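Asks: File input06.pdb follows (PDB, C-alpha atoms, pLDDT in the B column):
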MODEL        1
ATOM      1  CA  MET B   1      60.392 120.711 104.120  1.00 53.00           C
ATOM      2  CA  PRO B   2      63.983 121.273 105.263  1.00 53.00           C
ATOM      3  CA  ALA B   3      66.688 118.942 104.031  1.00 53.00           C
ATOM      4  CA  SER B   4      67.993 116.638 106.707  1.00 54.00           C
ATOM      5  CA  ASN B   5      71.714 117.202 107.019  1.00 50.00           C
ATOM      6  CA  PRO B   6      73.770 115.053 109.341  1.00 52.00           C
ATOM      7  CA  LEU B   7      75.319 116.840 112.258  1.00 49.00           C
ATOM      8  CA  PRO B   8      78.878 118.021 111.600  1.00 47.00           C
ATOM      9  CA  ASN B   9      80.196 115.877 114.454  1.00 47.00           C
ATOM     10  CA  ALA B  10      78.199 112.786 113.491  1.00 56.00           C
ATOM     11  CA  LYS B  11      80.389 109.868 112.494  1.00 66.00           C
ATOM     12  CA  SER B  12      79.897 108.279 109.081  1.00 80.00           C
ATOM     13  CA  ARG B  13      78.496 104.787 109.164  1.00 82.00           C
ATOM     14  CA  THR B  14      78.761 101.823 106.831  1.00 80.00           C
ATOM     15  CA  PHE B  15      75.702 100.148 105.323  1.00 79.00           C
ATOM     16  CA  LEU B  16      75.792  97.750 108.312  1.00 83.00           C
ATOM     17  CA  GLY B  17      75.560 100.639 110.775  1.00 85.00           C
ATOM     18  CA  THR B  18      79.107 100.309 112.091  1.00 86.00           C
ATOM     19  CA  PRO B  19      81.365 103.368 112.198  1.00 89.00           C
ATOM     20  CA  LYS B  20      83.645 103.833 109.207  1.00 88.00           C
ATOM     21  CA  LEU B  21      87.356 103.269 109.693  1.00 87.00           C
ATOM     22  CA  PRO B  22      89.771 106.198 109.407  1.00 87.00           C
ATOM     23  CA  ALA B  23      91.307 106.822 105.961  1.00 89.00           C
ATOM     24  CA  LYS B  24      94.685 105.432 107.041  1.00 90.00           C
ATOM     25  CA  TYR B  25      93.233 101.900 106.897  1.00 89.00           C
ATOM     26  CA  VAL B  26      92.520 102.073 103.144  1.00 88.00           C
ATOM     27  CA  THR B  27      95.852 100.342 102.426  1.00 86.00           C
ATOM     28  CA  VAL B  28      94.591  97.206 104.208  1.00 90.00           C
ATOM     29  CA  VAL B  29      90.816  97.355 103.627  1.00 89.00           C
ATOM     30  CA  MET B  30      90.998  97.738  99.837  1.00 88.00           C
ATOM     31  CA  PRO B  31      93.306  94.702  99.332  1.00 90.00           C
ATOM     32  CA  PHE B  32      91.148  92.762 101.819  1.00 92.00           C
ATOM     33  CA  PHE B  33      87.992  93.178  99.734  1.00 92.00           C
ATOM     34  CA  LEU B  34      89.824  92.872  96.425  1.00 90.00           C
ATOM     35  CA  SER B  35      91.425  89.586  97.513  1.00 92.00           C
ATOM     36  CA  ILE B  36      88.066  88.194  98.639  1.00 92.00           C
ATOM     37  CA  LEU B  37      86.346  89.016  95.355  1.00 93.00           C
ATOM     38  CA  MET B  38      89.163  88.009  93.023  1.00 92.00           C
ATOM     39  CA  SER B  39      89.984  84.727  94.768  1.00 93.00           C
ATOM     40  CA  CYS B  40      86.267  83.884  94.952  1.00 93.00           C
ATOM     41  CA  ILE B  41      85.744  84.413  91.214  1.00 94.00           C
ATOM     42  CA  VAL B  42      88.972  82.768  90.061  1.00 93.00           C
ATOM     43  CA  SER B  43      88.573  79.727  92.333  1.00 92.00           C
ATOM     44  CA  ALA B  44      84.935  79.286  91.213  1.00 92.00           C
ATOM     45  CA  ILE B  45      85.943  79.330  87.545  1.00 94.00           C
ATOM     46  CA  SER B  46      88.882  77.007  88.155  1.00 92.00           C
ATOM     47  CA  THR B  47      86.805  74.573  90.220  1.00 91.00           C
ATOM     48  CA  PHE B  48      84.003  74.560  87.649  1.00 93.00           C
ATOM     49  CA  ASN B  49      86.521  73.994  84.872  1.00 91.00           C
ATOM     50  CA  GLY B  50      88.015  71.075  86.803  1.00 88.00           C
ATOM     51  CA  ILE B  51      84.911  69.219  87.974  1.00 86.00           C
ATOM     52  CA  GLY B  52      81.950  70.809  86.204  1.00 87.00           C
ATOM     53  CA  ALA B  53      78.507  71.120  87.778  1.00 89.00           C
ATOM     54  CA  SER B  54      78.848  68.209  90.178  1.00 89.00           C
ATOM     55  CA  PRO B  55      77.121  67.786  93.540  1.00 91.00           C
ATOM     56  CA  GLN B  56      80.456  68.407  95.292  1.00 90.00           C
ATOM     57  CA  PHE B  57      81.028  71.736  93.509  1.00 91.00           C
ATOM     58  CA  ILE B  58      80.139  74.046  96.427  1.00 92.00           C
ATOM     59  CA  GLU B  59      82.182  72.087  98.960  1.00 92.00           C
ATOM     60  CA  LEU B  60      85.227  71.858  96.701  1.00 92.00           C
ATOM     61  CA  TRP B  61      84.933  75.473  95.584  1.00 93.00           C
ATOM     62  CA  LEU B  62      84.704  76.830  99.145  1.00 92.00           C
ATOM     63  CA  SER B  63      87.778  74.814 100.102  1.00 92.00           C
ATOM     64  CA  ALA B  64      89.688  76.084  97.040  1.00 92.00           C
ATOM     65  CA  TRP B  65      88.499  79.643  97.713  1.00 94.00           C
ATOM     66  CA  LEU B  66      89.691  79.612 101.325  1.00 93.00           C
ATOM     67  CA  ILE B  67      93.148  78.422 100.314  1.00 93.00           C
ATOM     68  CA  SER B  68      93.244  80.964  97.466  1.00 93.00           C
ATOM     69  CA  TRP B  69      92.241  83.823  99.754  1.00 94.00           C
ATOM     70  CA  ILE B  70      94.846  82.881 102.373  1.00 94.00           C
ATOM     71  CA  VAL B  71      97.470  83.310  99.635  1.00 94.00           C
ATOM     72  CA  ALA B  72      95.839  86.260  97.831  1.00 93.00           C
ATOM     73  CA  PHE B  73      95.445  88.697 100.735  1.00 93.00           C
ATOM     74  CA  PRO B  74      99.072  88.805 101.921  1.00 94.00           C
ATOM     75  CA  THR B  75     100.237  88.725  98.297  1.00 94.00           C
ATOM     76  CA  LEU B  76      98.179  91.831  97.527  1.00 92.00           C
ATOM     77  CA  LEU B  77      99.572  93.589 100.587  1.00 93.00           C
ATOM     78  CA  LEU B  78     103.100  92.876  99.333  1.00 94.00           C
ATOM     79  CA  VAL B  79     102.668  93.684  95.635  1.00 94.00           C
ATOM     80  CA  LEU B  80     100.316  96.663  95.833  1.00 92.00           C
ATOM     81  CA  PRO B  81     103.124  99.237  96.323  1.00 91.00           C
ATOM     82  CA  LEU B  82     104.850  97.878  93.197  1.00 94.00           C
ATOM     83  CA  VAL B  83     101.585  97.960  91.237  1.00 92.00           C
ATOM     84  CA  ARG B  84     101.045 101.591  92.275  1.00 90.00           C
ATOM     85  CA  LYS B  85     104.544 102.511  91.025  1.00 93.00           C
ATOM     86  CA  LEU B  86     103.993 100.666  87.738  1.00 93.00           C
ATOM     87  CA  THR B  87     100.642 102.375  87.300  1.00 92.00           C
ATOM     88  CA  ALA B  88     102.192 105.785  87.962  1.00 91.00           C
ATOM     89  CA  ALA B  89     104.803 105.041  85.279  1.00 93.00           C
ATOM     90  CA  PHE B  90     102.040 104.602  82.677  1.00 93.00           C
ATOM     91  CA  VAL B  91      99.279 106.947  83.906  1.00 93.00           C
ATOM     92  CA  ASP B  92      99.443 110.685  84.486  1.00 88.00           C
ATOM     93  CA  LEU B  93      98.025 110.765  88.000  1.00 79.00           C
ATOM     94  CA  PRO B  94      96.548 113.945  89.527  1.00 80.00           C
TER      95      PRO B  94
ENDMDL
END
Would you write the structure of this file as structure tokens?
Replies:
Amino acid sequence: MPASNPLPNAKSRTFLGTPKLPAKYVTVVMPFFLSILMSCIVSAISTFNGIGASPQFIELWLSAWLISWIVAFPTLLLVLPLVRKLTAAFVDLP
């Protein structure tokens, strides 16, 4: 049975079936997902620490997460070049 290889001209697709973005967008897409995950986790922990397992937890957490993400995403876009330089100062990059 021959292996099924994608055609050389076939575009790569994401797990949702949409075409992948060109590599030049990595500087925006990576901070986008990182800001979503980090603000989600940190706001959940902070909200839980503040109010505990109350019936309003989800509502309050989602509100705190949205505000956190609105701050986190542009902040990551601004500080990521500095973080890359700091990392390069400590790590021998290829």
Asks: I'd like to know which of B:Ala53, B:Val71, B:Ala88, B:Leu93 is closest to Ser35 in chain B, using only C-alpha atoms.
Replies: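 Between B:Ala53, B:Val71, B:Ala88, B:Leu93, the residue approaching Ser35 in chain B most closely is B:Val71.
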Asks: The PyMOL selection byres ((chain B and resi 62) around 12) on the file shown: which residues, as a ChimeraX atom specification?
Replies: /B:36,39-48,56-61,63-69
Asks: Can you tell me, as a list in words, what residues are no more than 12 Å from range 17-33 of chain B when counting all atoms listed in the file, ignoring any on the same chain fewer than 4 positions away?
Replies: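 Contacts, in chain order: Ala10, Lys11, Ser12, Arg13, Leu37, Met38, Ser39, Cys40, Trp69, Ile70, Val71, Ala72, Phe73, Pro74, Thr75, Leu76, Leu77, Leu78, Val79, Leu80, Pro81 and Arg84 of chain B.
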Asks: Find the distance between CA of Gly50 in chain B and CA of Leu34 in chain B and write it in Å to one decimal.
Replies: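 About the pair CA of Gly50 in chain B and CA of Leu34 in chain B: they are 23.9 Å apart.
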Asks: Using the file's own x, y and z axes, so that the box edges lie along x, y and z, what centre and edge lengths in Å (one decimal) does a box around every listed atom of range 57-65 of chain B get when 8 Å is added on each side? Give it as lines of an AutoDock Vina configuration file.
Replies:
center_x = 84.9
center_y = 75.7
center_z = 96.8
size_x = 25.5
size_y = 23.9
size_z = 22.6
Asks: Would you mind writing range 31-57 of chain B with N, CA, C and O atoms, as a CSV table (one decimal), in the frame of the given file?
Replies:
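This went into part_8.csv:
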chain,number,residue,atom,x,y,z
B,31,PRO,N,92.8,96.0,99.7
B,31,PRO,CA,93.3,94.7,99.3
B,31,PRO,C,92.5,93.6,100.0
B,31,PRO,O,92.4,92.5,99.4
B,32,PHE,N,92.0,93.8,101.2
B,32,PHE,CA,91.1,92.8,101.8
B,32,PHE,C,89.9,92.4,101.0
B,32,PHE,O,89.7,91.2,100.6
B,33,PHE,N,89.2,93.4,100.6
B,33,PHE,CA,88.0,93.2,99.7
B,33,PHE,C,88.3,92.7,98.3
B,33,PHE,O,87.7,91.8,97.8
B,34,LEU,N,89.4,93.3,97.8
B,34,LEU,CA,89.8,92.9,96.4
B,34,LEU,C,90.3,91.4,96.4
B,34,LEU,O,89.9,90.6,95.5
B,35,SER,N,91.0,91.0,97.4
B,35,SER,CA,91.4,89.6,97.5
B,35,SER,C,90.2,88.6,97.7
B,35,SER,O,90.2,87.5,97.1
B,36,ILE,N,89.3,89.0,98.5
B,36,ILE,CA,88.1,88.2,98.6
B,36,ILE,C,87.4,88.0,97.3
B,36,ILE,O,87.1,86.9,96.9
B,37,LEU,N,87.1,89.1,96.6
B,37,LEU,CA,86.3,89.0,95.4
B,37,LEU,C,87.1,88.3,94.3
B,37,LEU,O,86.6,87.4,93.6
B,38,MET,N,88.4,88.6,94.1
B,38,MET,CA,89.2,88.0,93.0
B,38,MET,C,89.4,86.5,93.3
B,38,MET,O,89.2,85.7,92.4
B,39,SER,N,89.8,86.1,94.5
B,39,SER,CA,90.0,84.7,94.8
B,39,SER,C,88.7,83.9,94.7
B,39,SER,O,88.7,82.8,94.2
B,40,CYS,N,87.6,84.5,95.1
B,40,CYS,CA,86.3,83.9,95.0
B,40,CYS,C,85.9,83.6,93.5
B,40,CYS,O,85.6,82.5,93.1
B,41,ILE,N,86.1,84.6,92.6
B,41,ILE,CA,85.7,84.4,91.2
B,41,ILE,C,86.7,83.4,90.5
B,41,ILE,O,86.3,82.5,89.8
B,42,VAL,N,88.0,83.6,90.7
B,42,VAL,CA,89.0,82.8,90.1
B,42,VAL,C,88.9,81.3,90.5
B,42,VAL,O,88.9,80.4,89.7
B,43,SER,N,88.7,81.1,91.8
B,43,SER,CA,88.6,79.7,92.3
B,43,SER,C,87.3,79.1,91.9
B,43,SER,O,87.2,77.9,91.6
B,44,ALA,N,86.2,79.8,91.7
B,44,ALA,CA,84.9,79.3,91.2
B,44,ALA,C,85.1,78.8,89.8
B,44,ALA,O,84.7,77.7,89.4
B,45,ILE,N,85.7,79.7,88.9
B,45,ILE,CA,85.9,79.3,87.5
B,45,ILE,C,86.9,78.1,87.4
B,45,ILE,O,86.6,77.2,86.7
B,46,SER,N,87.9,78.1,88.2
B,46,SER,CA,88.9,77.0,88.2
B,46,SER,C,88.2,75.7,88.6
B,46,SER,O,88.4,74.6,88.0
B,47,THR,N,87.5,75.8,89.7
B,47,THR,CA,86.8,74.6,90.2
B,47,THR,C,85.8,74.1,89.2
B,47,THR,O,85.7,72.9,88.9
B,48,PHE,N,85.0,75.0,88.6
B,48,PHE,CA,84.0,74.6,87.6
B,48,PHE,C,84.7,73.9,86.4
B,48,PHE,O,84.2,72.9,85.9
B,49,ASN,N,85.8,74.5,86.0
B,49,ASN,CA,86.5,74.0,84.9
B,49,ASN,C,87.1,72.6,85.2
B,49,ASN,O,87.1,71.7,84.3
B,50,GLY,N,87.4,72.4,86.4
B,50,GLY,CA,88.0,71.1,86.8
B,50,GLY,C,87.0,70.0,87.0
B,50,GLY,O,87.2,68.8,86.6
B,51,ILE,N,85.9,70.3,87.6
B,51,ILE,CA,84.9,69.2,88.0
B,51,ILE,C,83.5,69.4,87.4
B,51,ILE,O,82.7,68.5,87.4
B,52,GLY,N,83.3,70.6,86.8
B,52,GLY,CA,82.0,70.8,86.2
B,52,GLY,C,80.9,71.0,87.3
B,52,GLY,O,81.2,71.3,88.4
B,53,ALA,N,79.6,70.9,86.9
B,53,ALA,CA,78.5,71.1,87.8
B,53,ALA,C,78.2,69.8,88.5
B,53,ALA,O,77.1,69.2,88.3
B,54,SER,N,79.1,69.4,89.4
B,54,SER,CA,78.8,68.2,90.2
B,54,SER,C,78.2,68.5,91.5
B,54,SER,O,78.3,69.7,92.0
B,55,PRO,N,77.7,67.5,92.2
B,55,PRO,CA,77.1,67.8,93.5
B,55,PRO,C,78.1,68.3,94.6
B,55,PRO,O,77.8,68.9,95.5
B,56,GLN,N,79.4,68.0,94.4
B,56,GLN,CA,80.5,68.4,95.3
B,56,GLN,C,81.0,69.8,95.0
B,56,GLN,O,81.9,70.3,95.6
B,57,PHE,N,80.5,70.5,94.0
B,57,PHE,CA,81.0,71.7,93.5
B,57,PHE,C,81.2,72.7,94.6
B,57,PHE,O,82.2,73.3,94.9
